[in-house]
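Participant: Provided below: query.cif, containing mmCIF, C-alpha atoms.
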```
data_data
#
loop_
_atom_site.label_atom_id
_atom_site.label_comp_id
_atom_site.auth_asym_id
_atom_site.auth_seq_id
_atom_site.Cartn_x
_atom_site.Cartn_y
_atom_site.Cartn_z
CA MET U 1 60.09 -8.57 -3.74
CA ASN U 2 56.60 -9.73 -2.78
CA LYS U 3 55.23 -13.21 -3.18
CA ARG U 4 52.13 -13.93 -5.20
CA ILE U 5 49.46 -16.39 -4.13
CA GLY U 6 47.26 -18.14 -6.66
CA ASP U 7 46.43 -17.08 -10.17
CA GLY U 8 46.84 -13.51 -11.32
CA PRO U 9 44.13 -11.20 -12.60
CA HIS U 10 42.45 -12.12 -15.86
CA ARG U 11 41.77 -9.71 -18.68
CA PHE U 12 38.13 -8.67 -18.81
CA PRO U 13 36.33 -9.92 -21.94
CA CYS U 14 34.41 -7.24 -23.80
CA THR U 15 31.56 -9.67 -24.39
CA SER U 16 30.85 -9.64 -20.61
CA CYS U 17 30.27 -5.87 -20.62
CA GLN U 18 26.67 -4.72 -20.32
CA ASP U 19 27.25 -2.26 -23.21
CA HIS U 20 28.39 -4.95 -25.68
CA PHE U 21 25.65 -5.67 -28.22
CA GLN U 22 25.54 -8.13 -31.11
CA PHE U 23 22.76 -7.50 -33.63
CA MET U 24 21.09 -10.82 -34.53
CA GLU U 25 18.00 -9.85 -36.53
CA ARG U 26 17.80 -10.88 -40.18
CA LEU U 27 16.69 -7.55 -41.57
CA PRO U 28 18.83 -4.42 -41.10
CA ARG U 29 17.34 -1.98 -38.64
CA LYS U 30 18.16 1.60 -37.71
CA LYS U 31 18.83 2.03 -33.99
CA LYS U 32 20.24 5.11 -32.26
CA GLY U 33 21.08 6.75 -35.58
CA ILE U 34 22.97 3.90 -37.28
CA THR U 35 21.87 1.00 -39.44
CA MET U 36 22.69 -2.31 -37.81
CA HIS U 37 23.21 -5.52 -39.79
CA MET U 38 23.06 -9.14 -38.71
CA GLY U 39 26.17 -10.45 -36.95
CA GLU U 40 27.75 -7.05 -36.34
CA ARG U 41 28.98 -6.14 -32.86
CA TYR U 42 28.52 -2.70 -31.29
CA CYS U 43 29.64 -0.85 -28.21
CA MET U 44 26.66 1.03 -26.77
CA ALA U 45 28.59 2.84 -23.98
CA ALA U 46 28.87 6.18 -25.82
CA LYS U 47 25.97 8.38 -26.99
CA LYS U 48 26.25 6.92 -30.48
CA PRO U 49 26.91 3.16 -30.84
CA ARG U 50 30.29 2.26 -32.28
CA LYS U 51 30.73 -0.71 -34.59
CA PHE U 52 33.56 -3.15 -33.94
CA ARG U 53 35.91 -3.17 -36.93
CA ARG U 54 37.63 -6.15 -38.47
CA GLY U 55 40.97 -5.36 -36.77
CA ASP U 56 39.45 -4.91 -33.30
CA PRO U 57 39.94 -7.65 -30.69
CA LYS U 58 37.32 -10.38 -30.89
CA VAL U 59 37.18 -11.07 -27.17
CA TYR U 60 38.97 -8.40 -25.15
CA VAL U 61 38.37 -4.68 -24.70
CA PRO U 62 39.55 -2.56 -27.67
CA SER U 63 41.84 0.45 -27.19
CA TRP U 64 39.05 2.88 -28.17
CA CYS U 65 36.63 1.72 -25.44
CA PRO U 66 34.83 4.80 -24.03
CA LYS U 67 34.89 3.31 -20.52
CA LYS U 68 38.69 2.98 -20.35
CA LYS U 69 40.53 5.35 -18.01
CA SER U 70 44.00 6.59 -18.75
CA PRO U 71 45.85 6.81 -16.43
CA ARG U 72 44.23 4.14 -14.26
CA GLU U 73 42.97 4.93 -10.77
CA LEU U 74 44.88 3.40 -7.88
CA ARG U 75 43.35 3.18 -4.41
CA ILE U 76 44.89 1.66 -1.32
CA TYR U 77 42.42 0.74 1.42
CA GLY U 78 43.42 0.40 5.07
CA PHE U 79 41.43 -0.23 8.22
CA LYS U 80 39.25 2.72 9.19
CA SER U 81 40.10 2.35 12.89
CA THR U 82 42.39 0.48 15.25
CA ARG U 83 39.36 -1.38 16.60
CA ASP U 84 38.59 -2.78 13.12
CA TRP U 85 42.22 -3.80 12.67
CA LEU U 86 42.24 -5.64 16.03
CA PHE U 87 38.94 -7.34 15.22
CA HIS U 88 40.38 -8.52 11.89
CA LEU U 89 43.51 -9.87 13.60
CA GLU U 90 41.33 -11.79 16.07
CA GLU U 91 39.24 -13.15 13.21
CA CYS U 92 42.40 -14.39 11.45
CA LYS U 93 43.66 -15.98 14.67
CA VAL U 94 40.38 -17.84 15.30
CA ALA U 95 40.11 -19.04 11.69
CA GLY U 96 43.75 -20.07 11.54
CA GLN U 97 44.17 -18.31 8.20
CA ASP U 98 43.87 -14.85 6.66
CA ALA U 99 40.25 -13.70 6.78
CA LEU U 100 38.87 -12.04 3.66
CA PRO U 101 38.46 -8.27 3.99
CA SER U 102 35.05 -6.64 4.47
CA GLY U 103 34.49 -3.28 2.79
CA TRP U 104 32.69 -1.81 5.80
CA ARG U 105 35.89 -2.13 7.89
CA TYR U 106 38.09 -0.32 5.38
CA ALA U 107 38.57 3.28 4.24
CA VAL U 108 40.64 4.85 1.46
CA GLU U 109 44.17 5.68 2.60
CA TYR U 110 45.70 6.73 -0.72
CA GLU U 111 44.15 7.71 -4.02
CA LEU U 112 46.65 7.99 -6.87
CA HIS U 113 46.96 7.44 -10.61
CA THR U 114 49.13 4.83 -12.28
CA ASP U 115 50.09 3.66 -15.73
CA LEU U 116 50.36 0.08 -14.44
CA SER U 117 47.66 -2.35 -15.45
CA ALA U 118 46.56 -5.02 -12.97
CA GLN U 119 48.45 -7.63 -15.02
CA ASP U 120 51.62 -5.47 -15.03
CA PHE U 121 51.40 -5.03 -11.26
CA TRP U 122 51.01 -8.79 -10.77
CA ARG U 123 53.97 -9.56 -13.06
CA GLY U 124 56.06 -6.84 -11.41
CA LEU U 125 55.62 -8.42 -7.98
CA ARG U 126 58.02 -11.19 -9.11
CA THR U 127 61.01 -8.86 -9.09
CA GLN U 128 60.00 -5.70 -7.21
CA THR U 129 58.20 -4.67 -4.04
CA ALA U 130 54.68 -3.28 -4.11
CA ALA U 131 55.98 0.04 -2.72
CA SER U 132 58.40 0.50 -5.63
CA LEU U 133 55.75 -0.45 -8.20
CA LEU U 134 52.98 1.75 -6.80
CA GLY U 135 54.89 4.60 -5.21
CA ALA U 136 53.10 4.04 -1.89
CA VAL U 137 53.60 1.68 1.04
CA VAL U 138 51.20 -1.26 1.27
CA HIS U 139 50.92 -2.76 4.75
CA ARG U 140 49.71 -6.21 5.74
CA TYR U 141 45.94 -6.70 5.30
CA HIS U 142 45.61 -3.66 3.05
CA VAL U 143 43.67 -3.86 -0.20
CA VAL U 144 45.00 -2.41 -3.47
CA GLU U 145 42.54 -1.48 -6.23
CA ILE U 146 43.59 -0.80 -9.81
CA ASP U 147 40.61 0.53 -11.77
CA ASP U 148 40.94 0.82 -15.54
CA GLY U 149 37.32 1.97 -15.93
CA VAL U 150 36.18 -1.35 -17.39
CA GLN U 151 36.72 -3.74 -14.48
CA PRO U 152 38.47 -2.91 -11.18
CA VAL U 153 40.89 -5.52 -9.80
CA PHE U 154 41.54 -5.93 -6.07
CA PHE U 155 44.72 -7.31 -4.48
CA TYR U 156 44.90 -8.34 -0.82
CA CYS U 157 48.23 -8.11 1.01
CA THR U 158 48.75 -10.96 3.50
CA ASP U 159 51.71 -12.41 5.43
CA LYS U 160 52.36 -14.83 2.59
CA GLY U 161 52.09 -12.25 -0.20
CA PHE U 162 49.49 -10.74 -2.49
CA LYS U 163 46.41 -12.50 -3.78
CA VAL U 164 43.66 -11.41 -6.13
CA LEU U 165 40.31 -10.85 -4.46
CA PRO U 166 37.26 -12.05 -6.37
CA PHE U 167 35.15 -9.40 -4.64
CA PHE U 168 35.63 -6.40 -2.38
CA ASN U 169 32.89 -3.90 -1.52
CA ALA U 170 34.79 -0.79 -2.60
CA THR U 171 31.70 1.45 -2.67
CA GLU U 172 31.15 0.78 1.02
CA ALA U 173 34.84 1.36 1.80
CA ARG U 174 34.84 4.67 -0.11
CA LYS U 175 31.97 5.94 2.07
CA ASN U 176 33.96 5.32 5.28
CA LYS U 177 36.26 7.92 6.81
CA LYS U 178 39.54 7.08 8.47
CA GLU U 179 39.38 7.46 12.28
CA GLU U 180 42.50 8.78 13.97
#
```
Can you give me the file's structure in the form of structure tokens?

Facilitator:
Amino acid sequence: MNKRIGDGPHRFPCTSCQDHFQFMERLPRKKKGITMHMGERYCMAAKKPRKFRRGDPKVYVPSWCPKKKSPRELRIYGFKSTRDWLFHLEECKVAGQDALPSGWRYAVEYELHTDLSAQDFWRGLRTQTAASLLGAVVHRYHVVEIDDGVQPVFFYCTDKGFKVLPFFNATEARKNKKEE
């Protein structure tokens, strides 16, 4: 069983997505092959815009979202070299607390798929270990990414437990190769 530090991951609101569009003109207008009316919400992620129906969630991402991935992508990032690991340990020692991870020091160790959402992983940490939940070992100072296609969530493993990272430069970490 792993400890959890701080608040868990929050569900991503659909209204924060760059492809969410609410038509606010008085007169109906035809855009991208469909007639849009005032007050209607649309998802512009696909080739043809899709109108939000009455039963769709008002705030959160609907089940039909074209960006959603199923199963979700799971990546575990570890230090790309022993030198980077030692530098991080020294940084933690000087600061007197766990230093936040930098993407340029990390590389992908495992790339898997999972049916777990970020919220399910966070809740599961109450009763199970990260290794049993993910099917892979997560060492201290590793970063776990669960990407559902809409908004990736990053978890940082420390001595005290897991915490949600507000930001991690995953694109930089994916470019790096693990040194042996």

Participant: Within 7 Å of Asp19 (chain U), counting all atoms listed in the file, which residues qualify if same-chain residues fewer than 3 places away don't, as number ranges by chain?

Facilitator: U: 43-45

Participant: As a list in words, please: the residues near Gly103 (chain U) (cut-off 6 Å, all atoms listed in the file, same-chain neighbours under 3 positions excluded).

Facilitator: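 Once the nearby chain positions are removed, what remains is Tyr106, Asn169, Ala170, Glu172 and Ala173 of chain U.
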
Participant: When the PyMOL selection byres ((chain U and resi 111) around 10) is applied to the structure above, which residues does it catch, written out as a list in words?

Facilitator: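 For this structure, the PyMOL selection byres ((chain U and resi 111) around 10) captures Glu73, Leu74, Arg75, Ile76, Tyr77, Val108, Glu109, Tyr110, Leu112, His113, Ala136 and Glu145 of chain U.
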
Participant: Please write the residues from the selection above to a file, keeping C-alpha atoms, as a PDB file, in the frame of the given file.

Facilitator:
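Output file result24.pdb follows:
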```
ATOM      1  CA  GLU U  73      42.970   4.930 -10.770  1.00  0.00           C
ATOM      2  CA  LEU U  74      44.880   3.400  -7.880  1.00  0.00           C
ATOM      3  CA  ARG U  75      43.350   3.180  -4.410  1.00  0.00           C
ATOM      4  CA  ILE U  76      44.890   1.660  -1.320  1.00  0.00           C
ATOM      5  CA  TYR U  77      42.420   0.740   1.420  1.00  0.00           C
ATOM      6  CA  VAL U 108      40.640   4.850   1.460  1.00  0.00           C
ATOM      7  CA  GLU U 109      44.170   5.680   2.600  1.00  0.00           C
ATOM      8  CA  TYR U 110      45.700   6.730  -0.720  1.00  0.00           C
ATOM      9  CA  LEU U 112      46.650   7.990  -6.870  1.00  0.00           C
ATOM     10  CA  HIS U 113      46.960   7.440 -10.610  1.00  0.00           C
ATOM     11  CA  ALA U 136      53.100   4.040  -1.890  1.00  0.00           C
ATOM     12  CA  GLU U 145      42.540  -1.480  -6.230  1.00  0.00           C
TER      13      GLU U 145
END
```

Participant: May I have the residues at most 6 Å from (44.0, -7.2, -12.7) in the file's coordinates, counting all atoms listed in the file, as a JSON list (two decimals) with C-alpha atoms, keeping the file's coordinate frame?

Facilitator:
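Listed below is the output, selection-v1.json:
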```json
[["chain", "number", "residue", "atom", "x", "y", "z"],
["U", 9, "PRO", "CA", 44.13, -11.20, -12.60],
["U", 118, "ALA", "CA", 46.56, -5.02, -12.97],
["U", 119, "GLN", "CA", 48.45, -7.63, -15.02],
["U", 153, "VAL", "CA", 40.89, -5.52, -9.80]]
```

Participant: Could you pull the residues within 7 Å of Arg140 (chain U), counting all atoms listed in the file, minus those fewer than 5 positions along the same chain, as a PyMOL selection string?

Facilitator: chain U and resi 157-159

Participant: Show me as a list in words the residues that reach within 12 Å of (37.1, -13.0, 7.2), counting all atoms listed in the file and using the file's own coordinates.

Facilitator: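 Selection result: Asp84, Trp85, Phe87, His88, Leu89, Glu90, Glu91, Cys92, Lys93, Val94, Ala95, Gly96, Gln97, Asp98, Ala99, Leu100, Pro101, Ser102, Gly103, Arg105, Tyr141 and Phe168 of chain U.
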
Participant: Please identify all polymer residues within 8 Å of Arg72 (chain U), counting all atoms listed in the file, omitting same-chain residues fewer than 2 positions from it, and present them as a compact mmCIF listing (two decimals) with C-alpha atoms, in the frame of the given file.

Facilitator:
```txt
# COMPACT_ATOMS: atom_id res chain seq x y z
CA LYS U 69 40.53 5.35 -18.01
CA SER U 70 44.00 6.59 -18.75
CA LEU U 74 44.88 3.40 -7.88
CA HIS U 113 46.96 7.44 -10.61
CA THR U 114 49.13 4.83 -12.28
CA ASP U 115 50.09 3.66 -15.73
CA LEU U 116 50.36 0.08 -14.44
CA SER U 117 47.66 -2.35 -15.45
CA ILE U 146 43.59 -0.80 -9.81
CA ASP U 147 40.61 0.53 -11.77
CA ASP U 148 40.94 0.82 -15.54
CA GLY U 149 37.32 1.97 -15.93
```

Participant: Might you spell out which residues the PyMOL selection byres ((chain U and resi 47-63) around 7) would select in the displayed file, as a list in words?

Facilitator: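 When the PyMOL selection byres ((chain U and resi 47-63) around 7) is applied, the selected residues are Phe12, Pro13, Cys14, Thr15, Lys32, Arg41, Tyr42, Cys43, Met44, Ala45, Ala46, Trp64 and Cys65 of chain U.
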
Participant: Given the selection you just returned, output its residues as a file containing C-alpha atoms, formatted as a PDB file, in the frame of the given file.

Facilitator:
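Output file part-v2.pdb is given in full below:
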```pdb
ATOM      1  CA  PHE U  12      38.130  -8.670 -18.810  1.00  0.00           C
ATOM      2  CA  PRO U  13      36.330  -9.920 -21.940  1.00  0.00           C
ATOM      3  CA  CYS U  14      34.410  -7.240 -23.800  1.00  0.00           C
ATOM      4  CA  THR U  15      31.560  -9.670 -24.390  1.00  0.00           C
ATOM      5  CA  LYS U  32      20.240   5.110 -32.260  1.00  0.00           C
ATOM      6  CA  ARG U  41      28.980  -6.140 -32.860  1.00  0.00           C
ATOM      7  CA  TYR U  42      28.520  -2.700 -31.290  1.00  0.00           C
ATOM      8  CA  CYS U  43      29.640  -0.850 -28.210  1.00  0.00           C
ATOM      9  CA  MET U  44      26.660   1.030 -26.770  1.00  0.00           C
ATOM     10  CA  ALA U  45      28.590   2.840 -23.980  1.00  0.00           C
ATOM     11  CA  ALA U  46      28.870   6.180 -25.820  1.00  0.00           C
ATOM     12  CA  TRP U  64      39.050   2.880 -28.170  1.00  0.00           C
ATOM     13  CA  CYS U  65      36.630   1.720 -25.440  1.00  0.00           C
TER      14      CYS U  65
END
```

Participant: Taking the file as I've supplied it (selection: the PyMOL selection byres ((chain U and resi 164) around 7)), which residues are included? Please answer as a PyMOL selection string.

Facilitator: chain U and resi 8-9+154-156+162-163+165-166

Participant: Name the closest residue to Lys177 (chain U) among the candidates U:Val144, U:Gly135, U:Gly161, U:Lys80; distances are taken between atoms, counting all atoms listed in the file.

Facilitator: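 Among U:Val144, U:Gly135, U:Gly161, U:Lys80, it is U:Lys80 that comes nearest to Lys177 (chain U).
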
Participant: Using all atoms listed in the file, which residue out of U:Gln128, U:Gln151, U:Phe167, U:Glu180 lies closest to Cys17 (chain U)?

Facilitator: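 Closest to Cys17 (chain U), using all atoms listed in the file: U:Gln151.
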
Participant: Find the smallest box with edges along x, y and z containing every listed atom of region 53-58 of chain U, then add 3 Å on each side and report centre and edge lengths in Å to one decimal, as AutoDock Vina command-line options.

Facilitator:
```
--center_x 38.4 --center_y -6.8 --center_z -34.6 --size_x 11.1 --size_y 13.2 --size_z 13.8
```

Participant: Quote the spacing between CA of Val150 (chain U) and CA of Lys67 (chain U) in Å to one decimal place.

Facilitator: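 Answer for the CA of Val150 (chain U) to CA of Lys67 (chain U) separation: 5.8 Å.
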
Participant: What is the CA of Pro152 (chain U)-CA of Arg126 (chain U) distance in Å, reported with one decimal?

Facilitator: 21.3 Å

Participant: What does the structure give for the distance between CA of Leu86 (chain U) and CA of Thr129 (chain U), in Å to one decimal?

Facilitator: 25.7 Å

Participant: With distances taken over only C-alpha atoms, which residue among U:Trp104, U:Arg174, U:Phe21, U:Gly39 lies nearest Ser81 (chain U)?

Facilitator: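 With only C-alpha atoms as the atom set, the closest residue is U:Trp104.
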
Participant: Would you mind putting back N, CA and C atoms on region 148-172 of chain U, then writing it out as a CSV table (one decimal), keeping the file's coordinate frame?

Facilitator:
```csv
chain,number,residue,atom,x,y,z
U,148,ASP,N,40.7,0.3,-14.2
U,148,ASP,CA,40.9,0.8,-15.5
U,148,ASP,C,39.7,1.4,-16.2
U,149,GLY,N,38.6,1.5,-15.4
U,149,GLY,CA,37.3,2.0,-15.9
U,149,GLY,C,36.4,0.9,-16.4
U,150,VAL,N,37.0,-0.2,-16.9
U,150,VAL,CA,36.2,-1.4,-17.4
U,150,VAL,C,35.9,-2.3,-16.3
U,151,GLN,N,36.9,-2.8,-15.6
U,151,GLN,CA,36.7,-3.7,-14.5
U,151,GLN,C,37.8,-3.5,-13.4
U,152,PRO,N,37.4,-3.1,-12.2
U,152,PRO,CA,38.5,-2.9,-11.2
U,152,PRO,C,39.0,-4.3,-10.7
U,153,VAL,N,40.3,-4.3,-10.3
U,153,VAL,CA,40.9,-5.5,-9.8
U,153,VAL,C,41.4,-5.2,-8.4
U,154,PHE,N,41.2,-6.1,-7.5
U,154,PHE,CA,41.5,-5.9,-6.1
U,154,PHE,C,42.6,-6.9,-5.7
U,155,PHE,N,43.6,-6.5,-5.0
U,155,PHE,CA,44.7,-7.3,-4.5
U,155,PHE,C,44.7,-7.2,-3.0
U,156,TYR,N,44.9,-8.3,-2.3
U,156,TYR,CA,44.9,-8.3,-0.8
U,156,TYR,C,46.3,-8.7,-0.3
U,157,CYS,N,46.9,-7.9,0.5
U,157,CYS,CA,48.2,-8.1,1.0
U,157,CYS,C,48.2,-8.9,2.3
U,158,THR,N,48.8,-10.1,2.3
U,158,THR,CA,48.8,-11.0,3.5
U,158,THR,C,50.2,-11.2,3.9
U,159,ASP,N,50.4,-12.0,5.0
U,159,ASP,CA,51.7,-12.4,5.4
U,159,ASP,C,52.5,-13.2,4.3
U,160,LYS,N,51.7,-14.0,3.6
U,160,LYS,CA,52.4,-14.8,2.6
U,160,LYS,C,52.6,-14.1,1.3
U,161,GLY,N,51.9,-13.0,1.1
U,161,GLY,CA,52.1,-12.2,-0.2
U,161,GLY,C,50.8,-11.7,-0.7
U,162,PHE,N,50.7,-11.3,-1.9
U,162,PHE,CA,49.5,-10.7,-2.5
U,162,PHE,C,48.6,-11.8,-3.1
U,163,LYS,N,47.3,-11.6,-3.0
U,163,LYS,CA,46.4,-12.5,-3.8
U,163,LYS,C,45.3,-11.6,-4.4
U,164,VAL,N,44.7,-12.1,-5.5
U,164,VAL,CA,43.7,-11.4,-6.1
U,164,VAL,C,42.4,-11.7,-5.4
U,165,LEU,N,41.6,-10.7,-5.1
U,165,LEU,CA,40.3,-10.8,-4.5
U,165,LEU,C,39.2,-11.0,-5.5
U,166,PRO,N,38.4,-11.9,-5.4
U,166,PRO,CA,37.3,-12.0,-6.4
U,166,PRO,C,36.2,-10.9,-6.2
U,167,PHE,N,36.1,-10.5,-4.9
U,167,PHE,CA,35.2,-9.4,-4.6
U,167,PHE,C,35.6,-8.6,-3.4
U,168,PHE,N,35.4,-7.3,-3.5
U,168,PHE,CA,35.6,-6.4,-2.4
U,168,PHE,C,34.6,-5.3,-2.5
U,169,ASN,N,33.9,-4.9,-1.5
U,169,ASN,CA,32.9,-3.9,-1.5
U,169,ASN,C,33.6,-2.5,-1.4
U,170,ALA,N,34.1,-2.1,-2.5
U,170,ALA,CA,34.8,-0.8,-2.6
U,170,ALA,C,33.9,0.4,-2.4
U,171,THR,N,32.6,0.3,-2.9
U,171,THR,CA,31.7,1.4,-2.7
U,171,THR,C,31.4,1.7,-1.2
U,172,GLU,N,31.3,0.7,-0.4
U,172,GLU,CA,31.2,0.8,1.0
U,172,GLU,C,32.4,1.4,1.7
```
